[in-house]
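J.: input-v7.txt is the file, holding compact mmCIF, C-alpha atoms and all ligand atoms:
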# COMPACT_ATOMS: atom_id res chain seq x y z
CA MET A 1 -9.32 -5.71 15.43
CA GLU A 2 -10.30 -3.04 12.97
CA THR A 3 -9.58 0.69 13.18
CA ILE A 4 -11.70 3.06 11.09
CA TRP A 5 -10.55 6.50 9.97
CA LEU A 6 -12.51 9.08 8.00
CA SER A 7 -10.44 11.45 5.90
CA HIS A 8 -11.92 14.65 4.51
CA SER A 9 -9.06 15.71 2.25
CA VAL A 10 -5.92 14.53 0.47
CA GLU A 11 -3.87 16.32 3.13
CA GLU A 12 -5.68 14.46 5.91
CA THR A 13 -5.03 11.12 4.20
CA LEU A 14 -1.33 11.98 3.84
CA ALA A 15 -1.21 12.90 7.54
CA LEU A 16 -2.97 9.67 8.60
CA ALA A 17 -0.54 7.73 6.46
CA ALA A 18 2.45 9.48 8.02
CA ARG A 19 1.20 8.52 11.49
CA PHE A 20 0.60 4.92 10.41
CA ALA A 21 4.10 4.78 8.89
CA VAL A 22 5.64 4.72 12.37
CA ARG A 23 4.33 1.15 12.65
CA LEU A 24 6.37 0.13 9.61
CA ARG A 25 9.73 1.06 11.08
CA GLY A 26 11.66 -2.19 10.95
CA GLY A 27 9.65 -3.36 7.95
CA GLY A 28 6.26 -4.79 7.11
CA ALA A 29 3.90 -5.48 4.26
CA VAL A 30 0.61 -3.65 3.73
CA ALA A 31 -2.25 -4.62 1.41
CA LEU A 32 -4.19 -1.61 0.11
CA GLN A 33 -7.62 -2.55 -1.21
CA GLY A 34 -10.53 -0.56 -2.61
CA ASP A 35 -11.97 0.82 -5.85
CA LEU A 36 -10.15 3.10 -8.26
CA GLY A 37 -9.94 6.60 -6.81
CA SER A 38 -10.59 5.47 -3.24
CA GLY A 39 -7.24 6.82 -2.02
CA LYS A 40 -4.81 3.89 -1.97
CA THR A 41 -2.05 5.70 -3.88
CA CYS A 42 -2.56 8.87 -1.85
CA PHE A 43 -2.10 6.90 1.39
CA ALA A 44 0.93 5.05 0.00
CA LYS A 45 2.51 8.41 -0.91
CA GLY A 46 2.04 9.54 2.69
CA VAL A 47 3.78 6.43 3.99
CA VAL A 48 6.63 6.61 1.46
CA SER A 49 7.13 10.30 2.17
CA ALA A 50 7.23 9.81 5.95
CA LEU A 51 9.75 6.98 5.70
CA SER A 52 11.96 8.26 2.86
CA GLY A 53 11.73 12.05 3.05
CA VAL A 54 10.64 12.25 -0.61
CA GLU A 55 7.90 14.86 -1.12
CA PRO A 56 4.46 13.38 -1.93
CA ALA A 57 4.36 15.46 -5.11
CA GLU A 58 7.54 13.70 -6.29
CA ILE A 59 6.10 10.22 -5.77
CA PRO A 60 4.50 8.72 -8.89
CA SER A 61 1.86 6.01 -8.96
CA PRO A 62 3.49 2.71 -9.97
CA THR A 63 0.55 2.07 -12.32
CA PHE A 64 2.74 1.33 -15.36
CA THR A 65 6.04 0.37 -13.77
CA LEU A 66 4.24 -1.96 -11.28
CA VAL A 67 6.95 -1.23 -8.66
CA GLU A 68 8.69 1.93 -7.46
CA GLU A 69 11.52 1.66 -4.95
CA TYR A 70 12.55 4.16 -2.28
CA ARG A 71 15.06 4.19 0.53
CA GLY A 72 14.29 4.74 4.21
CA GLU A 73 16.00 2.86 7.02
CA GLY A 74 15.59 -0.07 4.63
CA PRO A 75 14.12 -0.46 1.15
CA ILE A 76 10.54 0.66 0.54
CA TYR A 77 8.54 -0.85 -2.32
CA HIS A 78 5.35 0.70 -3.65
CA VAL A 79 3.63 -1.90 -5.82
CA ASP A 80 0.46 -1.58 -7.93
CA LEU A 81 -0.77 -4.80 -9.52
CA TYR A 82 -3.77 -3.24 -11.28
CA ARG A 83 -2.26 -3.36 -14.75
CA MET A 84 -0.55 -6.67 -14.35
CA ARG A 85 -1.36 -8.63 -17.48
CA ASP A 86 -0.77 -12.20 -16.44
CA ALA A 87 0.57 -14.40 -13.68
CA ARG A 88 4.01 -14.55 -15.28
CA GLU A 89 4.43 -10.80 -15.10
CA ALA A 90 3.62 -10.99 -11.39
CA GLU A 91 6.05 -13.84 -10.79
CA GLU A 92 8.83 -11.79 -12.40
CA LEU A 93 8.63 -9.14 -9.69
CA ALA A 94 11.34 -9.49 -7.04
CA TRP A 95 8.98 -10.72 -4.31
CA ASP A 96 11.83 -12.14 -2.21
CA GLU A 97 13.22 -8.59 -1.94
CA ILE A 98 9.83 -6.87 -1.70
CA LEU A 99 8.76 -9.10 1.19
CA ALA A 100 12.18 -9.47 2.83
CA PRO A 101 12.47 -8.83 6.58
CA GLY A 102 13.27 -5.16 7.12
CA ALA A 103 11.68 -4.06 3.85
CA VAL A 104 8.47 -2.05 3.67
CA ALA A 105 5.98 -3.20 1.02
CA LEU A 106 2.87 -1.24 0.07
CA VAL A 107 0.81 -3.32 -2.35
CA GLU A 108 -2.17 -1.89 -4.24
CA TRP A 109 -4.57 -4.43 -5.80
CA PRO A 110 -3.06 -7.41 -3.92
CA GLU A 111 -6.18 -9.40 -4.95
CA ARG A 112 -4.57 -9.62 -8.41
CA MET A 113 -2.06 -11.95 -6.81
CA GLU A 114 -3.89 -13.68 -3.98
CA LYS A 115 -0.87 -15.49 -2.59
CA ILE A 116 0.66 -12.16 -1.53
CA ILE A 117 -2.11 -11.44 0.95
CA PRO A 118 -0.96 -13.87 3.71
CA TYR A 119 2.38 -12.02 3.76
CA CYS A 120 0.71 -8.72 4.59
CA GLN A 121 0.62 -7.90 8.28
CA PHE A 122 -1.70 -4.94 7.65
CA ARG A 123 -4.74 -4.66 5.43
CA LEU A 124 -6.18 -1.27 4.59
CA SER A 125 -9.58 -1.08 2.91
CA PHE A 126 -10.52 2.20 1.24
CA SER A 127 -13.95 3.40 0.20
CA LYS A 128 -15.49 6.64 -1.04
CA GLU A 129 -17.95 8.15 1.41
CA GLY A 130 -18.81 11.14 -0.75
CA GLU A 131 -17.10 14.11 -2.37
CA GLY A 132 -13.70 14.43 -0.71
CA VAL A 133 -14.43 11.89 2.02
CA ARG A 134 -12.69 8.55 2.26
CA ARG A 135 -13.23 5.75 4.77
CA ILE A 136 -10.07 3.83 5.64
CA ALA A 137 -10.32 0.60 7.64
CA LEU A 138 -7.17 -0.89 9.09
CA ALA A 139 -7.00 -4.56 10.06
CA GLU A 140 -3.87 -6.02 11.61
CA ARG A 141 -3.03 -9.67 11.54
CA ALA A 142 -1.30 -11.29 14.50
CA THR A 143 2.43 -11.56 13.77
CA SER A 144 2.23 -15.32 14.30
CA ASP A 145 -0.26 -15.56 11.41
CA VAL A 146 1.88 -13.61 8.94
CA CYS A 147 3.83 -15.64 6.38
CA ARG A 148 7.57 -15.09 6.26
N1 LIG B 1 -9.94 12.38 1.59
C1 LIG B 1 -9.29 12.02 0.47
N2 LIG B 1 -8.18 11.23 0.57
C2 LIG B 1 -7.52 10.83 -0.55
N3 LIG B 1 -7.87 11.16 -1.81
C3 LIG B 1 -8.97 11.94 -1.96
C4 LIG B 1 -9.70 12.39 -0.83
N4 LIG B 1 -10.74 13.15 -1.28
C5 LIG B 1 -10.65 13.17 -2.61
N5 LIG B 1 -9.58 12.46 -3.05
C6 LIG B 1 -9.23 12.24 -4.45
O1 LIG B 1 -9.43 10.88 -4.73
C7 LIG B 1 -8.42 10.42 -5.62
C8 LIG B 1 -7.64 9.29 -4.98
O2 LIG B 1 -6.77 8.79 -5.95
P1 LIG B 1 -5.75 7.63 -5.68
O3 LIG B 1 -5.10 7.81 -4.36
O4 LIG B 1 -4.89 7.54 -6.90
O5 LIG B 1 -6.75 6.37 -5.62
P2 LIG B 1 -6.45 4.82 -5.88
O6 LIG B 1 -4.97 4.58 -5.78
O7 LIG B 1 -7.25 4.13 -4.81
O8 LIG B 1 -7.00 4.53 -7.25
C9 LIG B 1 -7.55 11.62 -5.97
O9 LIG B 1 -8.03 12.18 -7.16
C10 LIG B 1 -7.79 12.57 -4.78
O10 LIG B 1 -7.66 13.91 -5.14
MG MG B 2 -3.62 3.63 -7.10
Represent the structure from my file as structure tokens, please.
Ligand SMILES: Nc1ncnc2c1ncn2[C@@H]1O[C@H](COP(=O)(O)OP(=O)(O)O)[C@@H](O)[C@H]1O
Ligand SMILES: [Mg+2]
T.:
Amino acid sequence: METIWLSHSVEETLALAARFAVRLRGGGAVALQGDLGSGKTCFAKGVVSALSGVEPAEIPSPTFTLVEEYRGEGPIYHVDLYRMRDAREAEELAWDEILAPGAVALVEWPERMEKIIPYCQFRLSFSKEGEGVRRIALAERATSDVCR
């Protein structure tokens, strides 16, 4: 099943993300897909903030570091594979920790490392619908179909 949200501002995306974050209590992996500027990082900041208490303004994009780690009930990993140069760089990330039970993983550009996608219980697809408007589609995979 797919749920569609329309957000009309950064604040609305942060608020949607904070509501979605409730579903990640206890852990879970989320694939965030969509073009540059479609709102993936904004949404991830909303989730991280809701789970960790860190202000969205204090949350950087992991564009260059590839991974940023936060602490909520368990570890929270915000990953961005956009600038990953090669497969080896991707393999060097601590995937066993990032995808561990109880951890929250938010992965931007998961298509850069296809084998991550089956581990993601949630897939969010972002698209620009015009100036300030973003369409966010949420698809949830049955728990029995999620890799562990
Ligand atoms: N409704 C909206 N939700 C999220 N971001 C929006 C929205 N409207 C405009 N924007 C702008 O779009 C950009 C989204 O950037 P970002 O979240 O970094 O995208 P991505 O990570 O997908 O490349 C920001 O510049 C933000 O100000
Ligand atoms: Mg981004």
J.: For Ala44 of chain A, please output as a CSV table (one decimal) with C-alpha atoms, in the coordinates of the input all residues within 7 Å (counting all atoms listed in the file; exclusion window: fewer than 4 positions along the same chain).
T.:
chain,number,residue,atom,x,y,z
A,40,LYS,CA,-4.8,3.9,-2.0
A,48,VAL,CA,6.6,6.6,1.5
A,106,LEU,CA,2.9,-1.2,0.1
J.: Would you mind telling me which residue in A:Glu114, A:Glu73, A:Glu92, A:Glu108 lies nearest to Leu32 of chain A when using all atoms listed in the file?
T.: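 Among A:Glu114, A:Glu73, A:Glu92, A:Glu108, it is A:Glu108 that comes nearest to Leu32 of chain A.
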J.: Would you mind listing the residues within 6 Å of ligand LIG 1 (chain B), counting only C-alpha atoms and all ligand atoms, as a VMD selection string?
T.: chain A and resid 7 to 10 13 35 to 42 132 to 134
J.: Would you mind listing what lies within 9 Å of Arg83 of chain A as a ChimeraX atom specification, with only C-alpha atoms counted and same-chain residues fewer than 4 positions away left out?
T.: /A:63-64,66
J.: Give me, please, the distance in Å between atom MG of ligand MG 2 (chain B) and atom CA of Val67 of chain A, quoted to one decimal.
T.: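 We find that atom MG of ligand MG 2 (chain B) and atom CA of Val67 of chain A lie 11.7 Å from each other.
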J.: Can you pull out every residue within 10 Å of Ser49 of chain A, counting all atoms listed in the file, but drop anything in the same chain fewer than 2 positions away, and send it as a PyMOL selection string?
T.: chain A and resi 14+17-18+21+43-47+51-59+70+72
J.: Would you compute the distance between atom CA of Leu124 of chain A and atom CA of Glu89 of chain A? Give it in Å to one decimal.
T.: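 Interatomic distance here is 24.3 Å.
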J.: Which protein, DNA or RNA residues have an atom at most 9 Å from (-3.7, -5.9, 8.8), counting all atoms listed in the file? List them as a list in words.
T.: Met1, Glu2, Ala29, Val30, Ala31, Cys120, Gln121, Phe122, Arg123, Leu124, Leu138, Ala139, Glu140, Arg141 and Ala142 of chain A
